[in-house]
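File shown here: input_2.txt, holding compact mmCIF, C-alpha atoms.
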```txt
# COMPACT_ATOMS: atom_id res chain seq x y z
CA MET A 1 -225.46 -209.84 61.33
CA SER A 2 -227.76 -212.57 60.29
CA TYR A 3 -226.50 -215.19 57.76
CA GLY A 4 -230.03 -216.61 57.25
CA GLN A 5 -231.79 -217.04 53.94
CA GLY A 6 -232.91 -213.84 52.33
CA GLY A 7 -230.39 -211.76 54.22
CA PRO A 8 -227.45 -210.06 52.63
CA GLN A 9 -224.80 -212.57 51.57
CA SER A 10 -221.17 -212.00 52.26
CA GLN A 11 -218.88 -211.92 49.13
CA TRP A 12 -215.92 -214.22 48.63
CA ASP A 13 -212.69 -212.36 49.14
CA PRO A 14 -209.88 -214.05 47.20
CA TRP A 15 -207.19 -212.32 49.29
CA LYS A 16 -208.46 -213.50 52.69
CA PRO A 17 -207.34 -216.75 54.30
CA HIS A 18 -209.57 -219.72 53.95
CA SER A 19 -210.68 -219.52 57.62
CA GLN A 20 -211.96 -215.96 57.15
CA GLN A 21 -214.17 -216.68 54.13
CA PRO A 22 -217.94 -216.29 54.54
CA TRP A 23 -218.44 -219.98 54.12
CA SER A 24 -216.86 -223.10 55.25
CA SER A 25 -217.43 -226.76 54.68
CA SER A 26 -219.17 -226.95 57.99
CA SER A 27 -221.75 -224.30 57.23
CA GLY A 28 -223.37 -226.44 54.60
CA GLN A 29 -223.49 -223.64 52.07
CA THR A 30 -222.46 -224.18 48.44
CA PRO A 31 -219.46 -222.01 47.33
CA ASP A 32 -219.92 -219.50 44.54
CA TRP A 33 -217.88 -221.14 41.79
CA ALA A 34 -218.13 -218.18 39.45
CA ALA A 35 -216.67 -215.91 42.11
CA LEU A 36 -213.87 -218.38 42.68
CA ALA A 37 -212.98 -218.39 38.97
CA GLU A 38 -212.92 -214.59 38.84
CA ALA A 39 -210.70 -214.45 41.88
CA SER A 40 -208.24 -216.94 40.35
CA GLU A 41 -208.04 -214.91 37.16
CA ALA A 42 -207.41 -211.76 39.21
CA ARG A 43 -204.53 -213.45 41.00
CA ASN A 44 -202.92 -214.54 37.69
CA LYS A 45 -203.18 -211.04 36.28
CA ARG A 46 -201.52 -209.61 39.38
CA ARG A 47 -198.66 -212.10 39.11
CA ARG A 48 -198.10 -211.16 35.46
CA VAL A 49 -198.00 -207.49 36.37
CA LEU A 50 -195.49 -208.18 39.10
CA PHE A 51 -193.36 -210.32 36.76
CA ILE A 52 -193.34 -207.64 34.05
CA GLY A 53 -192.55 -205.00 36.62
CA GLY A 54 -189.64 -207.05 37.91
CA GLY A 55 -188.24 -207.39 34.38
CA ALA A 56 -188.45 -203.64 33.94
CA LEU A 57 -186.54 -203.15 37.16
CA ALA A 58 -183.87 -205.61 35.95
CA THR A 59 -183.59 -203.69 32.66
CA LEU A 60 -183.21 -200.44 34.55
CA GLY A 61 -180.49 -202.06 36.62
CA VAL A 62 -178.52 -203.10 33.51
CA ALA A 63 -178.93 -199.63 31.98
CA ALA A 64 -177.67 -198.08 35.19
CA ALA A 65 -174.62 -200.36 35.13
CA VAL A 66 -173.89 -199.41 31.51
CA ALA A 67 -174.26 -195.75 32.36
CA VAL A 68 -171.83 -196.14 35.24
CA ALA A 69 -169.35 -197.87 32.92
CA VAL A 70 -169.65 -195.09 30.33
CA VAL A 71 -169.12 -192.45 32.98
CA SER A 72 -166.08 -194.32 34.26
CA ALA A 73 -164.64 -194.52 30.74
CA ASN A 74 -165.20 -190.81 30.27
CA ASP A 75 -163.45 -190.13 33.53
CA SER A 76 -160.38 -192.12 32.41
CA THR A 77 -160.31 -190.27 29.07
CA GLN A 78 -160.39 -186.96 30.83
CA ALA A 79 -157.56 -188.13 33.04
CA SER A 80 -155.39 -188.93 30.02
CA ASN A 81 -156.17 -185.62 28.32
CA GLU A 82 -154.45 -183.49 30.87
CA PRO A 83 -153.91 -179.82 30.10
CA THR A 84 -150.57 -178.86 28.57
CA SER A 85 -149.68 -177.08 31.80
CA GLN A 86 -149.10 -180.50 33.39
CA LEU A 87 -146.64 -181.65 30.65
CA PRO A 88 -142.88 -181.20 31.18
CA SER A 89 -141.45 -177.90 30.11
CA THR A 90 -139.43 -177.49 26.94
CA ALA A 91 -136.20 -177.52 28.92
CA ASP A 92 -137.08 -180.94 30.33
CA ILE A 93 -137.66 -182.50 26.88
CA PRO A 94 -134.45 -183.80 25.20
CA SER A 95 -133.70 -182.02 21.95
CA ALA A 96 -133.29 -183.92 18.67
CA SER A 97 -129.74 -182.67 18.29
CA ALA A 98 -128.79 -184.07 21.66
CA THR A 99 -129.82 -187.64 20.78
CA ALA A 100 -129.20 -187.86 17.01
CA PRO A 101 -125.92 -189.60 16.14
CA SER A 102 -123.41 -187.64 14.16
CA PHE A 103 -121.22 -189.04 11.40
CA ALA A 104 -118.12 -187.69 9.78
CA PRO A 105 -118.69 -186.65 6.17
CA THR A 106 -117.61 -189.33 3.75
CA SER A 107 -117.36 -189.57 -0.02
CA ALA A 108 -116.96 -192.58 -2.29
CA PRO A 109 -113.54 -192.86 -3.91
CA ALA A 110 -113.39 -191.96 -7.56
CA PRO A 111 -113.41 -195.01 -9.86
CA LEU A 112 -110.04 -195.99 -11.25
CA ASP A 113 -109.43 -195.00 -14.87
CA PRO A 114 -108.30 -198.05 -16.89
CA LYS A 115 -106.35 -195.84 -19.26
CA ASP A 116 -104.11 -194.70 -16.40
CA PHE A 117 -102.78 -198.27 -16.14
CA ILE A 118 -101.73 -198.46 -19.79
CA SER A 119 -100.37 -194.92 -20.08
CA SER A 120 -97.17 -195.41 -18.12
CA VAL A 121 -94.69 -198.25 -17.72
CA LYS A 122 -94.80 -197.67 -13.95
CA LYS A 123 -98.45 -198.77 -13.73
CA ASP A 124 -98.64 -201.08 -16.72
CA THR A 125 -97.00 -204.04 -15.02
CA ALA A 126 -99.15 -206.98 -16.18
CA PRO A 127 -97.47 -209.68 -18.29
CA LEU A 128 -97.15 -208.75 -21.94
CA ALA A 129 -96.53 -210.93 -25.00
CA PRO A 130 -97.93 -211.43 -28.52
CA GLY A 131 -99.86 -214.49 -27.31
CA ILE A 132 -101.46 -212.42 -24.52
CA LEU A 133 -102.61 -209.57 -26.75
CA PHE A 134 -103.62 -211.95 -29.54
CA PRO A 135 -104.66 -215.26 -27.95
CA GLY A 136 -105.98 -218.40 -29.65
CA THR A 137 -105.65 -219.70 -33.20
CA GLN A 138 -108.28 -217.54 -34.85
CA LEU A 139 -110.16 -214.27 -34.43
CA THR A 140 -113.86 -213.58 -34.95
CA MET A 141 -115.10 -210.06 -35.68
CA GLY A 142 -118.86 -210.02 -36.15
CA GLU A 143 -119.52 -212.87 -38.57
CA THR A 144 -116.00 -212.83 -40.06
CA VAL A 145 -113.40 -215.36 -38.93
CA TYR A 146 -109.68 -214.74 -39.40
CA LYS A 147 -107.09 -217.47 -39.09
CA LYS A 148 -104.11 -216.62 -36.96
CA GLY A 149 -100.65 -217.04 -38.50
CA THR A 150 -97.23 -216.52 -36.99
CA THR A 151 -96.12 -214.02 -34.33
CA ALA A 152 -92.87 -212.12 -33.67
CA ASP A 153 -91.47 -210.08 -30.79
CA THR A 154 -88.38 -207.88 -30.75
CA LYS A 155 -86.79 -205.10 -28.73
CA ASP A 156 -85.15 -203.75 -31.87
CA CYS A 157 -88.23 -201.85 -33.05
CA ALA A 158 -86.55 -200.47 -36.22
CA SER A 159 -85.77 -203.97 -37.50
CA ALA A 160 -89.50 -204.78 -37.82
CA ALA A 161 -90.39 -201.55 -39.63
CA GLN A 162 -89.72 -200.02 -43.04
CA GLY A 163 -90.01 -196.73 -44.86
CA THR A 164 -90.00 -193.78 -42.44
CA LEU A 165 -91.28 -195.81 -39.48
CA PRO A 166 -87.88 -197.02 -38.14
CA LYS A 167 -86.77 -193.43 -37.56
CA VAL A 168 -90.09 -192.54 -35.88
CA LEU A 169 -89.87 -195.49 -33.51
CA THR A 170 -86.23 -194.90 -32.64
CA SER A 171 -86.60 -191.16 -32.00
CA ASN A 172 -89.41 -191.79 -29.53
CA ASP A 173 -87.57 -194.56 -27.68
CA CYS A 174 -89.65 -197.55 -28.72
CA THR A 175 -88.79 -200.42 -26.35
CA ARG A 176 -90.57 -203.33 -28.04
CA LEU A 177 -92.40 -204.22 -31.23
CA MET A 178 -94.76 -207.23 -31.37
CA ARG A 179 -96.30 -208.51 -34.61
CA VAL A 180 -98.99 -211.03 -35.61
CA THR A 181 -100.53 -211.98 -38.96
CA TYR A 182 -104.11 -213.05 -39.79
CA THR A 183 -105.50 -214.31 -43.11
CA ARG A 184 -108.90 -214.79 -44.75
CA ASP A 185 -109.88 -215.59 -48.35
CA GLY A 186 -106.54 -214.64 -49.95
CA VAL A 187 -106.15 -211.46 -47.85
CA ALA A 188 -103.44 -211.14 -45.19
CA VAL A 189 -102.88 -208.46 -42.57
CA THR A 190 -100.00 -207.92 -40.14
CA VAL A 191 -100.54 -205.93 -36.93
CA GLY A 192 -97.52 -204.32 -35.27
CA VAL A 193 -97.75 -203.03 -31.69
CA ALA A 194 -94.96 -200.66 -30.64
CA VAL A 195 -94.47 -200.21 -26.88
CA PHE A 196 -93.20 -197.00 -25.25
CA ASP A 197 -92.65 -195.97 -21.65
CA THR A 198 -95.20 -193.15 -21.71
CA GLU A 199 -98.40 -192.18 -23.48
CA ALA A 200 -96.75 -188.97 -24.69
CA GLN A 201 -94.10 -190.94 -26.61
CA ALA A 202 -96.69 -193.17 -28.29
CA SER A 203 -98.87 -190.21 -29.20
CA ARG A 204 -95.89 -188.37 -30.64
CA ALA A 205 -94.89 -191.40 -32.74
CA LYS A 206 -98.39 -191.57 -34.15
CA GLY A 207 -98.27 -187.89 -35.06
CA GLN A 208 -94.88 -188.19 -36.76
CA ALA A 209 -95.81 -191.23 -38.86
CA ASP A 210 -96.78 -190.61 -42.49
CA THR A 211 -97.99 -192.66 -45.46
CA LYS A 212 -94.52 -194.21 -45.80
CA SER A 213 -94.36 -195.31 -42.13
CA ILE A 214 -95.04 -199.02 -42.55
CA VAL A 215 -94.68 -202.05 -40.32
CA LYS A 216 -93.08 -205.06 -42.07
CA ALA A 217 -95.51 -207.77 -43.17
CA LEU A 218 -94.93 -211.05 -41.32
CA PRO A 219 -95.19 -214.26 -43.40
CA GLY A 220 -95.04 -217.78 -42.00
CA LYS A 221 -97.23 -220.75 -41.09
CA GLY A 222 -98.43 -221.23 -44.63
CA VAL A 223 -98.57 -217.53 -45.45
CA LYS A 224 -96.23 -216.49 -48.29
CA ASN A 225 -94.56 -213.13 -48.52
CA PHE A 226 -97.08 -210.39 -49.12
CA CYS A 227 -96.91 -206.62 -49.43
CA ASP A 228 -93.30 -207.11 -50.67
CA GLY A 229 -93.15 -204.63 -53.56
CA ALA A 230 -96.93 -204.64 -54.05
CA VAL A 231 -99.25 -201.80 -53.19
CA CYS A 232 -100.89 -202.47 -49.76
CA ARG A 233 -103.07 -200.56 -47.39
CA SER A 234 -101.68 -199.40 -44.01
CA THR A 235 -103.09 -197.72 -40.85
CA THR A 236 -101.56 -195.96 -37.81
CA ASN A 237 -103.05 -195.26 -34.38
CA SER A 238 -102.20 -195.15 -30.66
CA TYR A 239 -103.80 -195.71 -27.27
CA GLY A 240 -102.08 -195.27 -23.94
CA ARG A 241 -98.37 -196.06 -24.26
CA TYR A 242 -98.98 -198.23 -27.33
CA ALA A 243 -98.80 -197.25 -31.01
CA TYR A 244 -100.23 -199.84 -33.39
CA PHE A 245 -99.91 -200.25 -37.17
CA THR A 246 -101.51 -202.52 -39.78
CA ILE A 247 -100.55 -203.50 -43.31
CA ALA A 248 -103.03 -205.49 -45.41
CA GLY A 249 -102.85 -206.90 -48.93
CA PHE A 250 -103.32 -209.91 -51.15
CA THR A 251 -101.32 -213.08 -50.57
CA ASN A 252 -100.85 -213.49 -54.38
CA GLY A 253 -98.97 -210.18 -54.65
CA LYS A 254 -101.75 -208.25 -56.35
CA ASP A 255 -101.86 -204.49 -55.80
CA VAL A 256 -104.62 -203.14 -53.60
CA THR A 257 -106.98 -200.55 -55.10
CA ASP A 258 -109.74 -198.42 -53.67
CA LYS A 259 -112.28 -200.99 -54.86
CA ASP A 260 -110.83 -203.81 -52.77
CA THR A 261 -113.16 -203.42 -49.80
CA ALA A 262 -112.21 -206.82 -48.39
CA VAL A 263 -108.66 -205.59 -47.80
CA PHE A 264 -109.89 -202.38 -46.15
CA SER A 265 -112.34 -204.19 -43.86
CA THR A 266 -109.66 -206.71 -42.87
CA GLY A 267 -107.24 -203.97 -41.83
CA ASP A 268 -109.99 -202.10 -39.97
CA ASP A 269 -111.12 -205.23 -38.11
CA LEU A 270 -107.61 -205.99 -36.89
CA ALA A 271 -106.99 -202.36 -35.88
CA GLU A 272 -110.26 -202.38 -33.90
CA PHE A 273 -109.40 -205.68 -32.23
CA THR A 274 -105.95 -204.40 -31.24
CA PHE A 275 -107.49 -201.30 -29.66
CA ARG A 276 -109.95 -203.45 -27.68
CA GLN A 277 -107.19 -205.73 -26.42
CA ILE A 278 -105.09 -202.80 -25.18
CA ARG A 279 -108.13 -201.27 -23.48
CA ARG A 280 -109.04 -204.60 -21.83
CA ARG A 281 -105.50 -204.76 -20.51
CA GLY A 282 -106.09 -201.46 -18.73
CA GLU A 283 -109.52 -202.54 -17.45
CA ALA A 284 -108.14 -205.75 -15.99
CA GLN A 285 -105.36 -203.95 -14.11
CA ALA A 286 -107.77 -201.25 -12.84
CA SER A 287 -110.18 -203.92 -11.58
CA ALA A 288 -107.37 -205.79 -9.84
CA ALA A 289 -106.14 -202.60 -8.15
CA ALA A 290 -109.67 -201.68 -6.98
CA THR A 291 -110.36 -205.08 -5.42
CA GLY A 292 -106.86 -205.56 -4.05
```

Could you quickly redo this structure as structure tokens?
Amino acid sequence: MSYGQGGPQSQWDPWKPHSQQPWSSSSGQTPDWAALAEASEARNKRRRVLFIGGGALATLGVAAAVAVAVVSANDSTQASNEPTSQLPSTADIPSASATAPSFAPTSAPAPLDPKDFISSVKKDTAPLAPGILFPGTQLTMGETVYKKGTTADTKDCASAAQGTLPKVLTSNDCTRLMRVTYTRDGVAVTVGVAVFDTEAQASRAKGQADTKSIVKALPGKGVKNFCDGAVCRSTTNSYGRYAYFTIAGFTNGKDVTDKDTAVFSTGDDLAEFTFRQIRRRGEAQASAAATG
């Protein structure tokens, strides 16, 4: 093939080595610069295609790895969800009754009744005295304050009673009679607490007492004789093995009438306080027995 002027010219092949190109520096021919530029652009495009293709392959590789991981996870899940045929039989599983602890049936003891401790001399063993039942120098009931007077204590119950009361106390075997007096605004009241061995005796004494069954008024400590020949108001009651009586009247010897509400309220207050003190005595002994 002739490479002379006018003959067919060989084309520049960008993929051939430099020694195989149709021209060389020794041939004296001028290279086709336009062809060289096109060849360079073709090479760059091919490199970009290869680079993009390589990235796609890398992405496919990551997706394949994720797929393998998902398949592996599914395999482990299937392994944990074994069919029930592979679980132990019912006979091999411990029953609840075999492992549950058993306890003997228990029940809380019944609470102690405070009244039981003041209904019999056998249980009512706490110290007893007028100063214990009626402590302090005064008594407050609501907004009313009563000043405490003198006290008395005797085993001869009939000697501290009058009217039909001595016979009632004696027939029911009264063992002790304690008295205390309180005053307020010209009104005085004496409370007498008769002690028996049993609740039945005290209850019977209460039932046998009548309007003439009166405890003797107790003067002293600045309180003159009262309810000595004058009309006074009296009450009778019982709780546990105790029967208690009140007599209230004016310190100036005036007779009490139905209109003298101050005398009635004074007697009622002292009767209520006496009941509370006897009940507290039972509560204290019941509490001590429960904790002891």

Kindly assemble as a tab-separated table a list of the region 186-284 of chain A residues that lie within 8 Å of region 168-177 of chain A, each paired with its nearest atom pair and their distance in Å to one decimal, using all atoms listed in the file, sorted first by chain and then by ascending residue number.
```
residue	atom	partner	partner_atom	distance
A:Gly192	CA	A:Leu177	CA	6.5
A:Val193	CA	A:Leu177	CA	5.5
A:Ala194	CA	A:Leu177	CA	4.4
A:Val195	CA	A:Arg176	CA	5.1
A:Phe196	CA	A:Cys174	CA	5.0
A:Asp197	CA	A:Thr175	CA	7.5
A:Gln201	CA	A:Asn172	CA	5.6
A:Ala202	CA	A:Asn172	CA	7.5
A:Arg204	CA	A:Asn172	CA	7.4
A:Ala205	CA	A:Val168	CA	5.8
A:Gln208	CA	A:Val168	CA	6.5
A:Ala209	CA	A:Val168	CA	6.6
```

Using Å and a single decimal, report how far CA of Gly253 (chain A) sits from CA of Ala230 (chain A). 5.9 Å

Go through region 180-260 of chain A residue by residue and, counting only C-alpha atoms, keep those with an atom at most 12 Å from region 274-286 of chain A; for each kept residue give the shortest atom pair and its distance in Å to one decimal, ordered by chain and increasing number, as JSON lines.
```
{"residue": "A:Val180", "atom": "CA", "partner": "A:Thr274", "partner_atom": "CA", "distance": 10.6}
{"residue": "A:Thr190", "atom": "CA", "partner": "A:Thr274", "partner_atom": "CA", "distance": 11.3}
{"residue": "A:Val191", "atom": "CA", "partner": "A:Thr274", "partner_atom": "CA", "distance": 8.0}
{"residue": "A:Gly192", "atom": "CA", "partner": "A:Thr274", "partner_atom": "CA", "distance": 9.3}
{"residue": "A:Val193", "atom": "CA", "partner": "A:Thr274", "partner_atom": "CA", "distance": 8.3}
{"residue": "A:Ala194", "atom": "CA", "partner": "A:Thr274", "partner_atom": "CA", "distance": 11.6}
{"residue": "A:Val195", "atom": "CA", "partner": "A:Ile278", "partner_atom": "CA", "distance": 11.1}
{"residue": "A:Thr236", "atom": "CA", "partner": "A:Phe275", "partner_atom": "CA", "distance": 11.4}
{"residue": "A:Asn237", "atom": "CA", "partner": "A:Phe275", "partner_atom": "CA", "distance": 8.9}
{"residue": "A:Ser238", "atom": "CA", "partner": "A:Phe275", "partner_atom": "CA", "distance": 8.2}
{"residue": "A:Tyr239", "atom": "CA", "partner": "A:Phe275", "partner_atom": "CA", "distance": 7.1}
{"residue": "A:Gly240", "atom": "CA", "partner": "A:Ile278", "partner_atom": "CA", "distance": 8.2}
{"residue": "A:Arg241", "atom": "CA", "partner": "A:Ile278", "partner_atom": "CA", "distance": 9.6}
{"residue": "A:Tyr242", "atom": "CA", "partner": "A:Ile278", "partner_atom": "CA", "distance": 7.9}
{"residue": "A:Ala243", "atom": "CA", "partner": "A:Phe275", "partner_atom": "CA", "distance": 9.7}
{"residue": "A:Tyr244", "atom": "CA", "partner": "A:Thr274", "partner_atom": "CA", "distance": 7.6}
{"residue": "A:Phe245", "atom": "CA", "partner": "A:Thr274", "partner_atom": "CA", "distance": 9.4}
{"residue": "A:Thr246", "atom": "CA", "partner": "A:Thr274", "partner_atom": "CA", "distance": 9.8}
```

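From CA of Ile214 (chain A) back to CA of Cys157 (chain A), the distance works out to 12.0 Å.
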
Distance CA of Cys232 (chain A)-CA of Gly249 (chain A), one decimal place?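 Separation between CA of Cys232 (chain A) and CA of Gly249 (chain A): 4.9 Å.
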
Need the shell around Thr266 (chain A): protein/DNA/RNA residues with any atom at most 12 Å away, counting all atoms listed in the file. Skip same-chain ones fewer than 6 positions apart. Format as number ranges by chain? A: 139-142, 144-147, 181-191, 232-235, 246-250, 260, 272-273
